[in-house]
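Accompanying notes for the structure given below.
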Amino acid sequence: MAQLTNDIYIILDMIGTFVFAVSGAVAARQRGLDVFGIFAIAFTTACGGGSIRDLCIGAIPPSGLTHLPYLLTAFAAALISMVLYSWVNILTHPVLIFDAVGLSTFAVAGTQKVLAFGFNYEMAILLGITTAVGGGVLRDVLLGRVPIILRREIYASAALAGAVIVVVGKHFDFHVDIISAIALIVCFGMRFLALHYHWNLPAFGLNKNK
């Protein structure tokens, strides 16, 4: 079971790294950055959240900086995004779609890694969310955009749902494959449906009568 959990974590982590790197590369290309800038944003988006998580749980240096597959995956994703940019851009909102995939995979993989290091459920949930949203926040800040988690959109709450499902599954000792699949579907489904139907969290505006 431990080996199975580790294999699933690695697979999800690589998927998340690739799709987040694509979202970063596409966003950088849309901002008109040069080749170095595109690679830098792609890597930061892909490994930023995981690096913050690793620092918090004492897994240092962070795996994104020490494991070559992360660098190669981010590099390949950025290269593909540049070469096939016109094809990738066919999607209505390419950055948001790839971001939703990365959000769900990193929420699950991040939570699983924190649990594997023996930390409690609360920390696993919080750092699972951090893993999922951290790279996107760094990407948006570097590109001069308001981070998605500071807007009204359903984003971090989707990651929260995925992380909670993983923790509940761990607590009741459910099969890791089933729990991972459910968490991925719920997290991605919430984010995708929110984008499609323009669902937003409640917001409180200024009282214009004053």
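Chain lettering (A, B, ...) mirrors the order of the structure tokens, residue numbering begins at 1 for each chain separately, and ligand numbering begins at 1 in order of display.
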Residues near A:Val166, cut-off 12 Å, only C-alpha atoms, skip fewer than 6 positions along chain, as a ChimeraX atom specification | /A:5,9,104-116,121-122,124-125,128-129,159-160,172-187
Output C-alpha atoms for every residue in the selection just made, as a PDB file, in the first residue's frame.
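Output below, filename selection_8.pdb:
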```pdb
ATOM      1  CA  THR A   5       0.514   5.556  -2.502  1.00  0.00           C
ATOM      2  CA  TYR A   9       1.732  10.713  -5.629  1.00  0.00           C
ATOM      3  CA  SER A 104      -6.821  19.459  -8.718  1.00  0.00           C
ATOM      4  CA  THR A 105      -3.733  17.270  -9.154  1.00  0.00           C
ATOM      5  CA  PHE A 106      -1.584  19.385  -6.835  1.00  0.00           C
ATOM      6  CA  ALA A 107      -4.309  19.605  -4.178  1.00  0.00           C
ATOM      7  CA  VAL A 108      -4.427  15.802  -4.052  1.00  0.00           C
ATOM      8  CA  ALA A 109      -0.682  15.168  -4.396  1.00  0.00           C
ATOM      9  CA  GLY A 110       0.246  17.904  -1.933  1.00  0.00           C
ATOM     10  CA  THR A 111      -2.127  16.617   0.718  1.00  0.00           C
ATOM     11  CA  GLN A 112      -0.864  13.072   0.245  1.00  0.00           C
ATOM     12  CA  LYS A 113       2.766  14.133   0.671  1.00  0.00           C
ATOM     13  CA  VAL A 114       2.072  16.015   3.900  1.00  0.00           C
ATOM     14  CA  LEU A 115       0.222  12.980   5.280  1.00  0.00           C
ATOM     15  CA  ALA A 116       3.091  10.723   4.204  1.00  0.00           C
ATOM     16  CA  TYR A 121      -4.947  16.375   9.093  1.00  0.00           C
ATOM     17  CA  GLU A 122      -5.241  20.139   9.585  1.00  0.00           C
ATOM     18  CA  ALA A 124      -2.279  18.345   5.417  1.00  0.00           C
ATOM     19  CA  ILE A 125      -5.344  20.273   4.291  1.00  0.00           C
ATOM     20  CA  GLY A 128      -2.504  20.760   0.225  1.00  0.00           C
ATOM     21  CA  ILE A 129      -4.251  24.022  -0.625  1.00  0.00           C
ATOM     22  CA  ALA A 159      -8.629  22.848  -3.637  1.00  0.00           C
ATOM     23  CA  LEU A 160      -9.992  22.725  -0.094  1.00  0.00           C
ATOM     24  CA  PHE A 172     -11.325   5.915   7.184  1.00  0.00           C
ATOM     25  CA  ASP A 173      -8.611   3.946   5.364  1.00  0.00           C
ATOM     26  CA  PHE A 174     -10.376   3.935   2.007  1.00  0.00           C
ATOM     27  CA  HIS A 175      -8.550   2.691  -1.080  1.00  0.00           C
ATOM     28  CA  VAL A 176      -6.072   5.338  -2.183  1.00  0.00           C
ATOM     29  CA  ASP A 177      -6.939   5.004  -5.893  1.00  0.00           C
ATOM     30  CA  ILE A 178     -10.634   5.576  -5.308  1.00  0.00           C
ATOM     31  CA  ILE A 179     -10.119   8.509  -2.950  1.00  0.00           C
ATOM     32  CA  SER A 180      -7.611  10.162  -5.292  1.00  0.00           C
ATOM     33  CA  ALA A 181      -9.993   9.815  -8.236  1.00  0.00           C
ATOM     34  CA  ILE A 182     -12.926  11.234  -6.272  1.00  0.00           C
ATOM     35  CA  ALA A 183     -10.847  14.145  -4.972  1.00  0.00           C
ATOM     36  CA  LEU A 184      -9.564  14.948  -8.467  1.00  0.00           C
ATOM     37  CA  ILE A 185     -13.033  14.843  -9.990  1.00  0.00           C
ATOM     38  CA  VAL A 186     -14.610  16.976  -7.266  1.00  0.00           C
ATOM     39  CA  CYS A 187     -11.848  19.601  -7.281  1.00  0.00           C
TER      40      CYS A 187
END
```
Using only C-alpha atoms, I'd like a table of the residues in stretch 130-175 of chain A that come within 9 Å of stretch 33-46 of chain A; for each, show the closest atom pair and its distance in Å rounded to one decimal, ordered by chain and ascending number, as CSV.
```
residue,atom,partner,partner_atom,distance
A:Gly134,CA,A:Thr45,CA,7.8
A:Gly135,CA,A:Thr45,CA,4.0
A:Gly136,CA,A:Thr45,CA,5.6
A:Val137,CA,A:Thr45,CA,8.1
A:Leu138,CA,A:Thr45,CA,6.6
A:Arg139,CA,A:Thr45,CA,5.5
A:Asp140,CA,A:Thr45,CA,9.0
A:Leu142,CA,A:Ile41,CA,7.8
A:Leu143,CA,A:Ile41,CA,8.6
```
For N, CA and C atoms, I'd like the residues from the last selection saved as a PDB file, in the first residue's frame.
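Once everything was written out, this is part_39.pdb:
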```pdb
ATOM      1  N   GLY A 134      -0.260  27.943  -4.665  1.00  0.00           N
ATOM      2  CA  GLY A 134       0.954  28.740  -4.505  1.00  0.00           C
ATOM      3  C   GLY A 134       1.619  29.138  -5.811  1.00  0.00           C
ATOM      4  N   GLY A 135       1.763  28.190  -6.730  1.00  0.00           N
ATOM      5  CA  GLY A 135       2.412  28.499  -8.006  1.00  0.00           C
ATOM      6  C   GLY A 135       1.618  29.502  -8.825  1.00  0.00           C
ATOM      7  N   GLY A 136       0.296  29.371  -8.806  1.00  0.00           N
ATOM      8  CA  GLY A 136      -0.546  30.316  -9.540  1.00  0.00           C
ATOM      9  C   GLY A 136      -0.467  31.723  -8.979  1.00  0.00           C
ATOM     10  N   VAL A 137      -0.367  31.817  -7.655  1.00  0.00           N
ATOM     11  CA  VAL A 137      -0.231  33.134  -7.017  1.00  0.00           C
ATOM     12  C   VAL A 137       1.082  33.789  -7.435  1.00  0.00           C
ATOM     13  N   LEU A 138       2.174  33.013  -7.381  1.00  0.00           N
ATOM     14  CA  LEU A 138       3.476  33.552  -7.787  1.00  0.00           C
ATOM     15  C   LEU A 138       3.453  33.971  -9.255  1.00  0.00           C
ATOM     16  N   ARG A 139       2.829  33.166 -10.109  1.00  0.00           N
ATOM     17  CA  ARG A 139       2.715  33.507 -11.532  1.00  0.00           C
ATOM     18  C   ARG A 139       2.000  34.833 -11.729  1.00  0.00           C
ATOM     19  N   ASP A 140       0.866  34.978 -11.077  1.00  0.00           N
ATOM     20  CA  ASP A 140       0.077  36.194 -11.258  1.00  0.00           C
ATOM     21  C   ASP A 140       0.790  37.429 -10.720  1.00  0.00           C
ATOM     22  N   LEU A 142       4.071  37.872 -10.458  1.00  0.00           N
ATOM     23  CA  LEU A 142       5.181  38.189 -11.363  1.00  0.00           C
ATOM     24  C   LEU A 142       4.699  38.817 -12.668  1.00  0.00           C
ATOM     25  N   LEU A 143       3.490  38.464 -13.090  1.00  0.00           N
ATOM     26  CA  LEU A 143       2.943  39.017 -14.332  1.00  0.00           C
ATOM     27  C   LEU A 143       2.093  40.259 -14.096  1.00  0.00           C
TER      28      LEU A 143
END
```
Please, which residues of stretch 26-162 of chain A, numbered as in this document, come out helix (DSSP H, G or I) from DSSP, as a PyMOL selection string?
-> chain A and resi 26-30+35-57+63-66+68-83+85-88+94-116+121-142+148-150+156-162
Shortest contact to A:Gly49, candidates A:Ile97, A:Ile154, A:Met14, A:Leu127, atoms counted only C-alpha atoms, goes to A:Leu127
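Across the structure, atom CA of A:Val19 and atom CA of A:Gly58 are spaced 25.7 Å apart.
One distance worth recording is that between atom CA of A:Ile10 and atom CA of A:Val164, which is 19.7 Å.
For A:Met190, the residues within 9 Å (counting only C-alpha atoms, excluding itself and residues fewer than 5 positions away along the chain) are Ile154, Tyr155, Ser157, Ala158, Ala161, Ile185 and Leu195 of chain A.
Checking A:Leu84, A:Leu65, A:Val101, A:Ala27 one by one against A:Ile15, counting only C-alpha atoms, you find the shortest gap at A:Val101.
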Could you name the residues that touch A:Val83 at 12 Å or less, counting only C-alpha atoms, but leaving out those on the same chain fewer than 3 positions away, as a ChimeraX atom specification?
-> /A:22,25-26,29,35,76-80,86-89
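Across A:Ala28, A:Ala156, A:Ala100, A:Phe188, the tightest approach to A:Leu126 is made by A:Ala156 when counting only C-alpha atoms.
Across the model, the gap from atom CA of A:Tyr197 to atom CA of A:Val141 is 26.2 Å.
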